[in-house]
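**Student:** Quick one, my_file-v8.cif (mmCIF, C-alpha atoms and all ligand atoms):
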data_query
loop_
_atom_site.group_PDB
_atom_site.id
_atom_site.type_symbol
_atom_site.label_atom_id
_atom_site.label_comp_id
_atom_site.auth_asym_id
_atom_site.auth_seq_id
_atom_site.Cartn_x
_atom_site.Cartn_y
_atom_site.Cartn_z
ATOM 1 C CA MET A 1 19.672 -8.819 -8.176
ATOM 2 C CA ALA A 2 17.206 -8.472 -11.042
ATOM 3 C CA ASN A 3 13.527 -8.094 -10.341
ATOM 4 C CA PHE A 4 11.380 -11.070 -11.193
ATOM 5 C CA ILE A 5 7.949 -12.603 -10.812
ATOM 6 C CA LYS A 6 7.808 -16.373 -10.530
ATOM 7 C CA PHE A 7 4.456 -18.020 -11.149
ATOM 8 C CA LEU A 8 4.592 -21.080 -8.937
ATOM 9 C CA GLY A 9 0.930 -21.674 -9.671
ATOM 10 C CA THR A 10 -1.640 -20.433 -12.175
ATOM 11 C CA ALA A 11 -4.786 -22.267 -11.049
ATOM 12 C CA GLY A 12 -8.052 -20.603 -10.162
ATOM 13 C CA ALA A 13 -11.363 -21.938 -8.894
ATOM 14 C CA ARG A 14 -12.252 -25.100 -7.117
ATOM 15 C CA ILE A 15 -12.068 -27.818 -9.752
ATOM 16 C CA VAL A 16 -8.722 -26.720 -11.202
ATOM 17 C CA VAL A 17 -7.302 -26.524 -7.669
ATOM 18 C CA ALA A 18 -8.919 -29.733 -6.395
ATOM 19 C CA ARG A 19 -7.687 -31.680 -9.436
ATOM 20 C CA GLN A 20 -4.400 -29.693 -9.667
ATOM 21 C CA LEU A 21 -4.974 -29.222 -13.403
ATOM 22 C CA ARG A 22 -2.663 -26.288 -12.795
ATOM 23 C CA SER A 23 -0.651 -25.705 -9.629
ATOM 24 C CA SER A 24 -2.323 -23.455 -7.050
ATOM 25 C CA ALA A 25 0.926 -22.284 -5.434
ATOM 26 C CA GLY A 26 0.616 -18.535 -6.118
ATOM 27 C CA ILE A 27 3.281 -15.963 -6.957
ATOM 28 C CA TRP A 28 6.777 -15.095 -5.723
ATOM 29 C CA LEU A 29 7.717 -11.461 -6.361
ATOM 30 C CA SER A 30 11.292 -10.255 -6.017
ATOM 31 C CA LEU A 31 11.406 -6.462 -6.243
ATOM 32 C CA ASP A 32 14.278 -4.125 -5.335
ATOM 33 C CA GLY A 33 15.813 -6.741 -3.059
ATOM 34 C CA SER A 34 12.592 -7.610 -1.197
ATOM 35 C CA ASN A 35 10.981 -11.030 -1.554
ATOM 36 C CA ILE A 36 7.211 -11.122 -1.281
ATOM 37 C CA TYR A 37 4.962 -14.154 -1.559
ATOM 38 C CA ILE A 38 1.503 -13.384 -2.920
ATOM 39 C CA ASP A 39 -1.418 -15.751 -2.297
ATOM 40 C CA PRO A 40 0.213 -19.035 -1.223
ATOM 41 C CA GLY A 41 -2.467 -21.524 -2.231
ATOM 42 C CA PRO A 42 -2.150 -25.297 -1.775
ATOM 43 C CA GLY A 43 1.303 -26.476 -2.877
ATOM 44 C CA ALA A 44 3.200 -23.215 -2.288
ATOM 45 C CA LEU A 45 5.849 -24.658 -0.005
ATOM 46 C CA ALA A 46 6.467 -27.737 -2.165
ATOM 47 C CA LYS A 47 6.700 -25.614 -5.334
ATOM 48 C CA CYS A 48 9.318 -23.309 -3.781
ATOM 49 C CA PHE A 49 11.646 -26.245 -3.350
ATOM 50 C CA ALA A 50 10.683 -27.872 -6.650
ATOM 51 C CA ALA A 51 11.524 -24.663 -8.546
ATOM 52 C CA ARG A 52 14.815 -24.555 -10.479
ATOM 53 C CA PRO A 53 16.680 -22.719 -9.096
ATOM 54 C CA LYS A 54 14.841 -23.392 -5.861
ATOM 55 C CA LEU A 55 13.297 -20.523 -3.944
ATOM 56 C CA ASP A 56 14.094 -20.547 -0.245
ATOM 57 C CA PRO A 57 11.129 -19.366 1.876
ATOM 58 C CA MET A 58 13.637 -18.169 4.483
ATOM 59 C CA ASP A 59 14.525 -15.408 1.994
ATOM 60 C CA LEU A 60 10.988 -14.026 2.209
ATOM 61 C CA ASP A 61 10.316 -10.656 3.810
ATOM 62 C CA ALA A 62 6.541 -10.777 3.622
ATOM 63 C CA ILE A 63 3.536 -12.902 2.731
ATOM 64 C CA LEU A 64 0.466 -11.187 1.284
ATOM 65 C CA LEU A 65 -3.047 -12.607 1.144
ATOM 66 C CA SER A 66 -5.520 -10.878 -1.159
ATOM 67 C CA HIS A 67 -8.314 -12.784 0.612
ATOM 68 C CA ASN A 68 -8.701 -15.976 2.518
ATOM 69 C CA HIS A 69 -10.216 -18.318 -0.027
ATOM 70 C CA LEU A 70 -8.378 -21.635 -0.001
ATOM 71 C CA ASP A 71 -6.875 -21.269 -3.488
ATOM 72 C CA HIS A 72 -5.155 -18.066 -2.299
ATOM 73 C CA ALA A 73 -4.255 -18.975 1.259
ATOM 74 C CA GLY A 74 -4.266 -22.749 1.805
ATOM 75 C CA ASP A 75 -0.505 -22.934 2.440
ATOM 76 C CA VAL A 76 -0.125 -19.717 4.428
ATOM 77 C CA ASN A 77 0.688 -21.480 7.710
ATOM 78 C CA ALA A 78 3.234 -23.783 6.073
ATOM 79 C CA MET A 79 4.828 -20.735 4.432
ATOM 80 C CA ILE A 80 5.004 -18.812 7.724
ATOM 81 C CA GLU A 81 6.735 -21.767 9.354
ATOM 82 C CA ALA A 82 9.116 -22.104 6.407
ATOM 83 C CA MET A 83 9.904 -18.360 6.326
ATOM 84 C CA THR A 84 10.790 -18.460 10.022
ATOM 85 C CA LEU A 85 12.561 -21.844 10.019
ATOM 86 C CA GLY A 86 9.805 -23.482 12.011
ATOM 87 C CA GLY A 87 9.592 -20.513 14.342
ATOM 88 C CA HIS A 88 13.309 -20.483 15.220
ATOM 89 C CA LYS A 89 13.963 -17.192 13.408
ATOM 90 C CA LYS A 90 11.349 -14.595 14.232
ATOM 91 C CA LYS A 91 10.933 -12.505 11.095
ATOM 92 C CA GLY A 92 8.717 -11.189 8.351
ATOM 93 C CA THR A 93 5.284 -9.673 8.055
ATOM 94 C CA VAL A 94 1.992 -11.167 6.954
ATOM 95 C CA PHE A 95 -0.459 -8.747 5.365
ATOM 96 C CA ALA A 96 -4.061 -9.967 5.054
ATOM 97 C CA PRO A 97 -7.678 -8.827 5.362
ATOM 98 C CA ILE A 98 -9.188 -9.015 8.835
ATOM 99 C CA SER A 99 -11.077 -12.229 8.019
ATOM 100 C CA ALA A 100 -7.743 -14.087 7.881
ATOM 101 C CA PHE A 101 -7.189 -13.314 11.569
ATOM 102 C CA GLU A 102 -10.662 -13.431 13.139
ATOM 103 C CA GLY A 103 -13.735 -15.634 13.208
ATOM 104 C CA ASP A 104 -12.707 -18.813 11.373
ATOM 105 C CA PRO A 105 -9.144 -17.577 10.729
ATOM 106 C CA ILE A 106 -7.019 -19.228 8.078
ATOM 107 C CA ILE A 107 -3.836 -18.003 9.819
ATOM 108 C CA LEU A 108 -3.372 -20.192 12.888
ATOM 109 C CA LYS A 109 -2.768 -18.318 16.116
ATOM 110 C CA TYR A 110 0.340 -20.229 17.126
ATOM 111 C CA VAL A 111 2.299 -19.335 13.971
ATOM 112 C CA ARG A 112 1.551 -15.620 14.331
ATOM 113 C CA LYS A 113 4.096 -15.284 17.121
ATOM 114 C CA TYR A 114 6.862 -16.429 14.746
ATOM 115 C CA LEU A 115 6.350 -13.224 12.760
ATOM 116 C CA ASP A 116 7.751 -9.770 13.362
ATOM 117 C CA LYS A 117 4.355 -8.387 12.535
ATOM 118 C CA THR A 118 0.881 -9.030 11.231
ATOM 119 C CA THR A 119 -0.837 -6.217 9.378
ATOM 120 C CA VAL A 120 -4.544 -6.011 8.576
ATOM 121 C CA LEU A 121 -5.189 -4.727 5.059
ATOM 122 C CA LYS A 122 -7.677 -1.906 4.585
ATOM 123 C CA GLU A 123 -9.122 -0.100 1.599
ATOM 124 C CA LYS A 124 -6.791 2.734 0.469
ATOM 125 C CA GLY A 125 -4.086 1.323 2.783
ATOM 126 C CA LYS A 126 -0.404 2.085 2.137
ATOM 127 C CA TYR A 127 2.286 -0.321 3.321
ATOM 128 C CA LYS A 128 6.008 -1.006 3.086
ATOM 129 C CA VAL A 129 8.184 -4.085 2.710
ATOM 130 C CA GLY A 130 11.850 -3.055 2.740
ATOM 131 C CA SER A 131 12.162 -0.327 0.115
ATOM 132 C CA VAL A 132 9.040 -1.470 -1.719
ATOM 133 C CA SER A 133 5.806 0.359 -1.058
ATOM 134 C CA PHE A 134 2.430 -1.033 -1.972
ATOM 135 C CA GLU A 135 -1.222 -0.073 -1.739
ATOM 136 C CA THR A 136 -4.578 -1.798 -1.490
ATOM 137 C CA PRO A 137 -6.464 0.902 -3.386
ATOM 138 C CA VAL A 138 -9.977 -0.532 -3.499
ATOM 139 C CA LYS A 139 -12.180 -3.233 -2.027
ATOM 140 C CA HIS A 140 -13.035 -5.853 -4.648
ATOM 141 C CA VAL A 141 -16.454 -7.372 -5.290
ATOM 142 C CA HIS A 142 -15.906 -10.983 -4.303
ATOM 143 C CA GLY A 143 -18.204 -12.013 -1.443
ATOM 144 C CA ILE A 144 -15.469 -12.037 1.165
ATOM 145 C CA GLU A 145 -13.272 -8.946 1.739
ATOM 146 C CA THR A 146 -10.671 -8.985 -1.059
ATOM 147 C CA PHE A 147 -7.965 -6.596 -2.228
ATOM 148 C CA GLY A 148 -5.595 -6.242 -5.147
ATOM 149 C CA PHE A 149 -2.090 -4.829 -4.750
ATOM 150 C CA LYS A 150 -0.288 -1.981 -6.457
ATOM 151 C CA PHE A 151 3.490 -2.075 -5.932
ATOM 152 C CA LYS A 152 5.870 0.775 -6.503
ATOM 153 C CA GLY A 153 9.456 -0.239 -7.181
ATOM 154 C CA LYS A 154 12.358 2.034 -8.062
ATOM 155 C CA GLY A 155 12.115 1.332 -11.780
ATOM 156 C CA ALA A 156 8.644 -0.059 -12.294
ATOM 157 C CA THR A 157 5.107 -0.185 -10.989
ATOM 158 C CA LEU A 158 3.305 -3.480 -10.843
ATOM 159 C CA SER A 159 -0.280 -4.337 -10.000
ATOM 160 C CA TYR A 160 -1.959 -7.590 -9.132
ATOM 161 C CA ILE A 161 -5.706 -7.701 -9.660
ATOM 162 C CA SER A 162 -6.958 -10.581 -7.550
ATOM 163 C CA ASP A 163 -10.417 -12.149 -7.668
ATOM 164 C CA THR A 164 -13.250 -9.724 -8.267
ATOM 165 C CA ARG A 165 -16.369 -9.100 -10.250
ATOM 166 C CA PHE A 166 -15.754 -6.358 -12.819
ATOM 167 C CA PHE A 167 -16.552 -2.831 -11.682
ATOM 168 C CA ASP A 168 -16.588 0.258 -13.871
ATOM 169 C CA ASP A 169 -13.674 2.354 -12.676
ATOM 170 C CA MET A 170 -11.338 -0.533 -11.851
ATOM 171 C CA HIS A 171 -8.651 0.751 -14.214
ATOM 172 C CA ARG A 172 -8.292 3.944 -12.167
ATOM 173 C CA TYR A 173 -6.838 1.964 -9.267
ATOM 174 C CA TYR A 174 -4.338 -0.239 -11.048
ATOM 175 C CA LYS A 175 -2.465 1.942 -13.546
ATOM 176 C CA SER A 176 0.993 0.364 -13.787
ATOM 177 C CA ASP A 177 3.764 -0.858 -16.078
ATOM 178 C CA ILE A 178 3.149 -4.523 -15.354
ATOM 179 C CA LEU A 179 -0.329 -5.822 -14.682
ATOM 180 C CA ILE A 180 -1.048 -9.318 -13.370
ATOM 181 C CA ILE A 181 -4.732 -10.174 -13.760
ATOM 182 C CA SER A 182 -6.717 -13.090 -12.382
ATOM 183 C CA VAL A 183 -8.956 -14.103 -15.251
ATOM 184 C CA LEU A 184 -10.952 -17.134 -14.299
ATOM 185 C CA LYS A 185 -13.280 -17.415 -17.257
ATOM 186 C CA ASP A 186 -13.174 -17.054 -21.011
ATOM 187 C CA LYS A 187 -16.826 -16.000 -21.258
ATOM 188 C CA PRO A 188 -19.026 -13.696 -19.135
ATOM 189 C CA SER A 189 -20.827 -15.356 -16.229
ATOM 190 C CA ASN A 190 -22.563 -14.436 -13.046
ATOM 191 C CA LEU A 191 -19.548 -15.293 -10.899
ATOM 192 C CA ASP A 192 -17.604 -12.732 -8.859
ATOM 193 C CA HIS A 193 -14.655 -13.199 -11.228
ATOM 194 C CA LEU A 194 -13.223 -11.500 -14.299
ATOM 195 C CA CYS A 195 -13.626 -12.901 -17.794
ATOM 196 C CA VAL A 196 -11.647 -12.137 -20.959
ATOM 197 C CA ASP A 197 -14.038 -9.346 -22.061
ATOM 198 C CA ASP A 198 -13.558 -7.634 -18.685
ATOM 199 C CA VAL A 199 -9.787 -7.828 -19.101
ATOM 200 C CA GLU A 200 -10.114 -6.253 -22.540
ATOM 201 C CA LYS A 201 -11.908 -3.239 -21.021
ATOM 202 C CA ILE A 202 -9.250 -2.904 -18.306
ATOM 203 C CA LEU A 203 -6.300 -3.177 -20.719
ATOM 204 C CA LYS A 204 -7.737 -0.626 -23.137
ATOM 205 C CA GLU A 205 -7.840 1.879 -20.283
ATOM 206 C CA ILE A 206 -4.583 1.066 -18.482
ATOM 207 C CA ARG A 207 -2.369 0.155 -21.448
ATOM 208 C CA PRO A 208 0.390 -1.464 -19.367
ATOM 209 C CA LYS A 209 3.735 -2.351 -20.933
ATOM 210 C CA THR A 210 2.993 -5.999 -20.166
ATOM 211 C CA ALA A 211 -0.119 -7.760 -18.917
ATOM 212 C CA ILE A 212 0.120 -11.276 -17.514
ATOM 213 C CA LEU A 213 -2.974 -13.459 -17.206
ATOM 214 C CA THR A 214 -3.206 -16.065 -14.444
ATOM 215 C CA HIS A 215 -5.625 -17.854 -12.065
ATOM 216 C CA PHE A 216 -7.353 -19.903 -14.738
ATOM 217 C CA GLY A 217 -10.561 -21.841 -14.227
ATOM 218 C CA ARG A 218 -11.513 -24.942 -16.131
ATOM 219 C CA PHE A 219 -13.321 -23.195 -18.994
ATOM 220 C CA MET A 220 -10.440 -20.782 -19.464
ATOM 221 C CA LEU A 221 -8.020 -23.729 -19.676
ATOM 222 C CA ASP A 222 -10.291 -25.401 -22.245
ATOM 223 C CA ALA A 223 -10.463 -22.175 -24.263
ATOM 224 C CA GLY A 224 -6.643 -21.916 -24.165
ATOM 225 C CA PRO A 225 -5.040 -19.114 -22.122
ATOM 226 C CA GLU A 226 -2.407 -18.538 -24.851
ATOM 227 C CA LYS A 227 -5.123 -18.106 -27.458
ATOM 228 C CA MET A 228 -6.960 -15.664 -25.203
ATOM 229 C CA ALA A 229 -3.716 -13.752 -24.555
ATOM 230 C CA ALA A 230 -3.026 -13.507 -28.297
ATOM 231 C CA ARG A 231 -6.538 -12.183 -28.910
ATOM 232 C CA LEU A 232 -6.135 -9.571 -26.173
ATOM 233 C CA SER A 233 -2.673 -8.558 -27.458
ATOM 234 C CA ARG A 234 -4.155 -7.883 -30.866
ATOM 235 C CA ASP A 235 -7.381 -6.200 -29.757
ATOM 236 C CA CYS A 236 -5.767 -4.044 -27.038
ATOM 237 C CA ASN A 237 -2.473 -3.386 -28.836
ATOM 238 C CA THR A 238 -0.656 -4.408 -25.639
ATOM 239 C CA ARG A 239 1.775 -7.202 -24.846
ATOM 240 C CA VAL A 240 -0.304 -9.893 -23.094
ATOM 241 C CA ILE A 241 1.182 -13.149 -21.773
ATOM 242 C CA ALA A 242 -0.642 -16.180 -20.376
ATOM 243 C CA ALA A 243 1.261 -17.370 -17.306
ATOM 244 C CA ARG A 244 2.348 -21.003 -17.101
ATOM 245 C CA ASP A 245 3.279 -22.934 -13.975
ATOM 246 C CA GLY A 246 6.938 -22.242 -13.224
ATOM 247 C CA MET A 247 7.173 -19.241 -15.549
ATOM 248 C CA THR A 248 9.649 -16.524 -14.556
ATOM 249 C CA PHE A 249 9.103 -12.973 -15.773
ATOM 250 C CA LYS A 250 12.137 -10.708 -15.353
ATOM 251 C CA PHE A 251 11.859 -6.946 -15.453
HETATM 252 ZN ZN ZN A 301 -11.567 -16.036 -4.333
#
Write the structure described by the file as structure tokens, please.
**Tutor:**
Amino acid sequence: MANFIKFLGTAGARIVVARQLRSSAGIWLSLDGSNIYIDPGPGALAKCFAARPKLDPMDLDAILLSHNHLDHAGDVNAMIEAMTLGGHKKKGTVFAPISAFEGDPIILKYVRKYLDKTTVLKEKGKYKVGSVSFETPVKHVHGIETFGFKFKGKGATLSYISDTRFFDDMHRYYKSDILIISVLKDKPSNLDHLCVDDVEKILKEIRPKTAILTHFGRFMLDAGPEKMAARLSRDCNTRVIAARDGMTFKF
């Protein structure tokens, strides 16, 4: 089967999620026969079944949380139950930072026993899902412990830069053919999030074949993600796409 990324949600930040100005359902990645759900925010389960063709959570091999903010993890328990048919079919792995499992854990204890495995993500960690390997190369700057992912498939590398404040050598960690970037804001701010100017710096260094913008906050939506993507395409001489809810990217 062909590789694809399905953007079940493209929302970022509290207001866009709370008002569902965009869906907050996260990303389904199908790579070399493995199905991986990345950051199942509120609505993930419903959007799987609303998708055309529908995506069956029982086909998932793993669920990955970049961090346990609600917009990235709100539906993680529902997705674990759905992946394991309500706990009747023990399977799959959940990968998440330690804060998802301890303290005030977003992953409920009773659903953990439905899984084959839970794995705590660490900086410079290397992991496997089926034949797909992925890394969490660097800790992000985002208040709570947060990671991005760098996947290595047979024919392509793909990175997902989750929430973070910009840091200087970021591009060194996420060199890849396809780059998914969470860009919350159009203009610089004091938030622990990337803005369009930060993305420009990253793209000029990495020069991916395709960059896909997602995780839009309210100001980014007002500014127009497509407009921002067109500007970045021109200025960085790179193909840049603004994700839309329900968009499928095949590769
Ligand atoms: Zn966050």
**Student:** Can you pull out the residues contacting Lys204 of chain A? Cut-off 9 Å, using all atoms listed in the file, and skip same-chain residues under 5 positions away; I want them as a list in words.
**Tutor:**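 With the cut-off at 9 Å, the set is Val199, Asp235, Cys236, Asn237 and Thr238 of chain A.
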**Student:** Once you count all atoms listed in the file, which residues end up within 12 Å of ligand ZN 301 (chain A), and could you hand them over as a ChimeraX atom specification?
**Tutor:** /A:11-14,17,39,41,65-74,140-148,161-165,182-184,191-194,215-217
**Student:** So which residues touch segment 185-187 of chain A within 9 Å, counting all atoms listed in the file, skipping near sequence neighbours fewer than 6 positions away, as a list in words?
**Tutor:**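 In the requested format, the answer is His193, Leu194, Cys195, Val196, Asp197, Phe216, Gly217, Arg218, Phe219, Met220, Leu221, Asp222, Ala223, Gly224, Pro225 and Met228 of chain A.
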**Student:** Determine, counting all atoms listed in the file, which protein, DNA and RNA residues have an atom within 9 Å of an atom of Leu121 of chain A; residues of the same chain fewer than 5 positions away are not included. Present the result as a ChimeraX atom specification.
**Tutor:** /A:66,95-98,126-127,136,147
**Student:** Run the PyMOL selection byres (((chain A and resi 229) around 8) and not hetatm) against the file shown and list the residues it catches, as a count of residues only.
**Tutor:** 12
**Student:** Kindly resolve the PyMOL selection byres (((chain A and resi 31-35) around 12) and not hetatm) on the present coordinates and return the residues as JSON, numbers by chain.
**Tutor:** {"A": [1, 2, 3, 4, 5, 6, 27, 28, 29, 30, 36, 37, 38, 55, 56, 57, 58, 59, 60, 61, 62, 63, 64, 83, 92, 93, 128, 129, 130, 131, 132, 133, 134, 151, 152, 153, 154, 155, 156, 157, 158, 249, 250, 251]}
**Student:** For Ile180 of chain A, which of A:Phe166, A:Phe7, A:Phe49, A:Tyr110 is the closest residue, counting all atoms listed in the file?
**Tutor:** A:Phe7
**Student:** To one decimal in Å, tell me the separation between atom CA of Val94 of chain A and atom CA of Pro208 of chain A.
**Tutor:**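 Interatomic distance, atom CA of Val94 of chain A to atom CA of Pro208 of chain A: 28.1 Å.
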**Student:** Would you work out the distance separating atom CA of Met79 of chain A from atom CA of Ala25 of chain A, expressed in Å to one decimal?
**Tutor:**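 Going from atom CA of Met79 of chain A over to atom CA of Ala25 of chain A covers 10.7 Å.
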**Student:** Could you check how far atom CA of Gly86 of chain A sits from atom CA of Lys109 of chain A, in Å to one decimal?
**Tutor:**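 If I compute the distance from atom CA of Gly86 of chain A to atom CA of Lys109 of chain A, I get 14.2 Å.
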**Student:** Show which residues sit within 9 Å of Tyr173 of chain A, as a list of chain:residue names. Count all atoms listed in the file, and ignore same-chain residues fewer than 5 positions away.
**Tutor:**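 Residues near the query, excluding close chain neighbours: A:Thr136, A:Pro137, A:Val138, A:Lys150.
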**Student:** Selection in question (the file shown): the PyMOL selection byres (((chain A and resi 90) around 12) and not hetatm). Which residues does it include, as a list in words?
**Tutor:** Met58, Asp61, Ile80, Glu81, Ala82, Met83, Thr84, Leu85, Gly86, Gly87, His88, Lys89, Lys91, Gly92, Thr93, Val111, Arg112, Lys113, Tyr114, Leu115, Asp116 and Lys117 of chain A
**Student:** Measuring between all atoms listed in the file, which one of A:Glu205, A:Leu8, A:Pro105, A:Asp168 shows the shortest distance to Arg52 of chain A?
**Tutor:**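 The answer is A:Leu8, which sits nearest to Arg52 of chain A.
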**Student:** Between A:Ile212, A:Ala46, A:Phe149, A:Pro188, which is the closest to Thr248 of chain A once you count only C-alpha atoms?
**Tutor:**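 Closest candidate: A:Ile212.
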**Student:** Adding 3 Å on each side of the box along x, y and z that holds all listed atoms of segment 69-83 of chain A, could you give its centre and edge lengths in Å to one decimal, as lines of an AutoDock Vina configuration file?
**Tutor:**
center_x = -0.2
center_y = -20.9
center_z = 2.9
size_x = 26.1
size_y = 11.7
size_z = 18.8
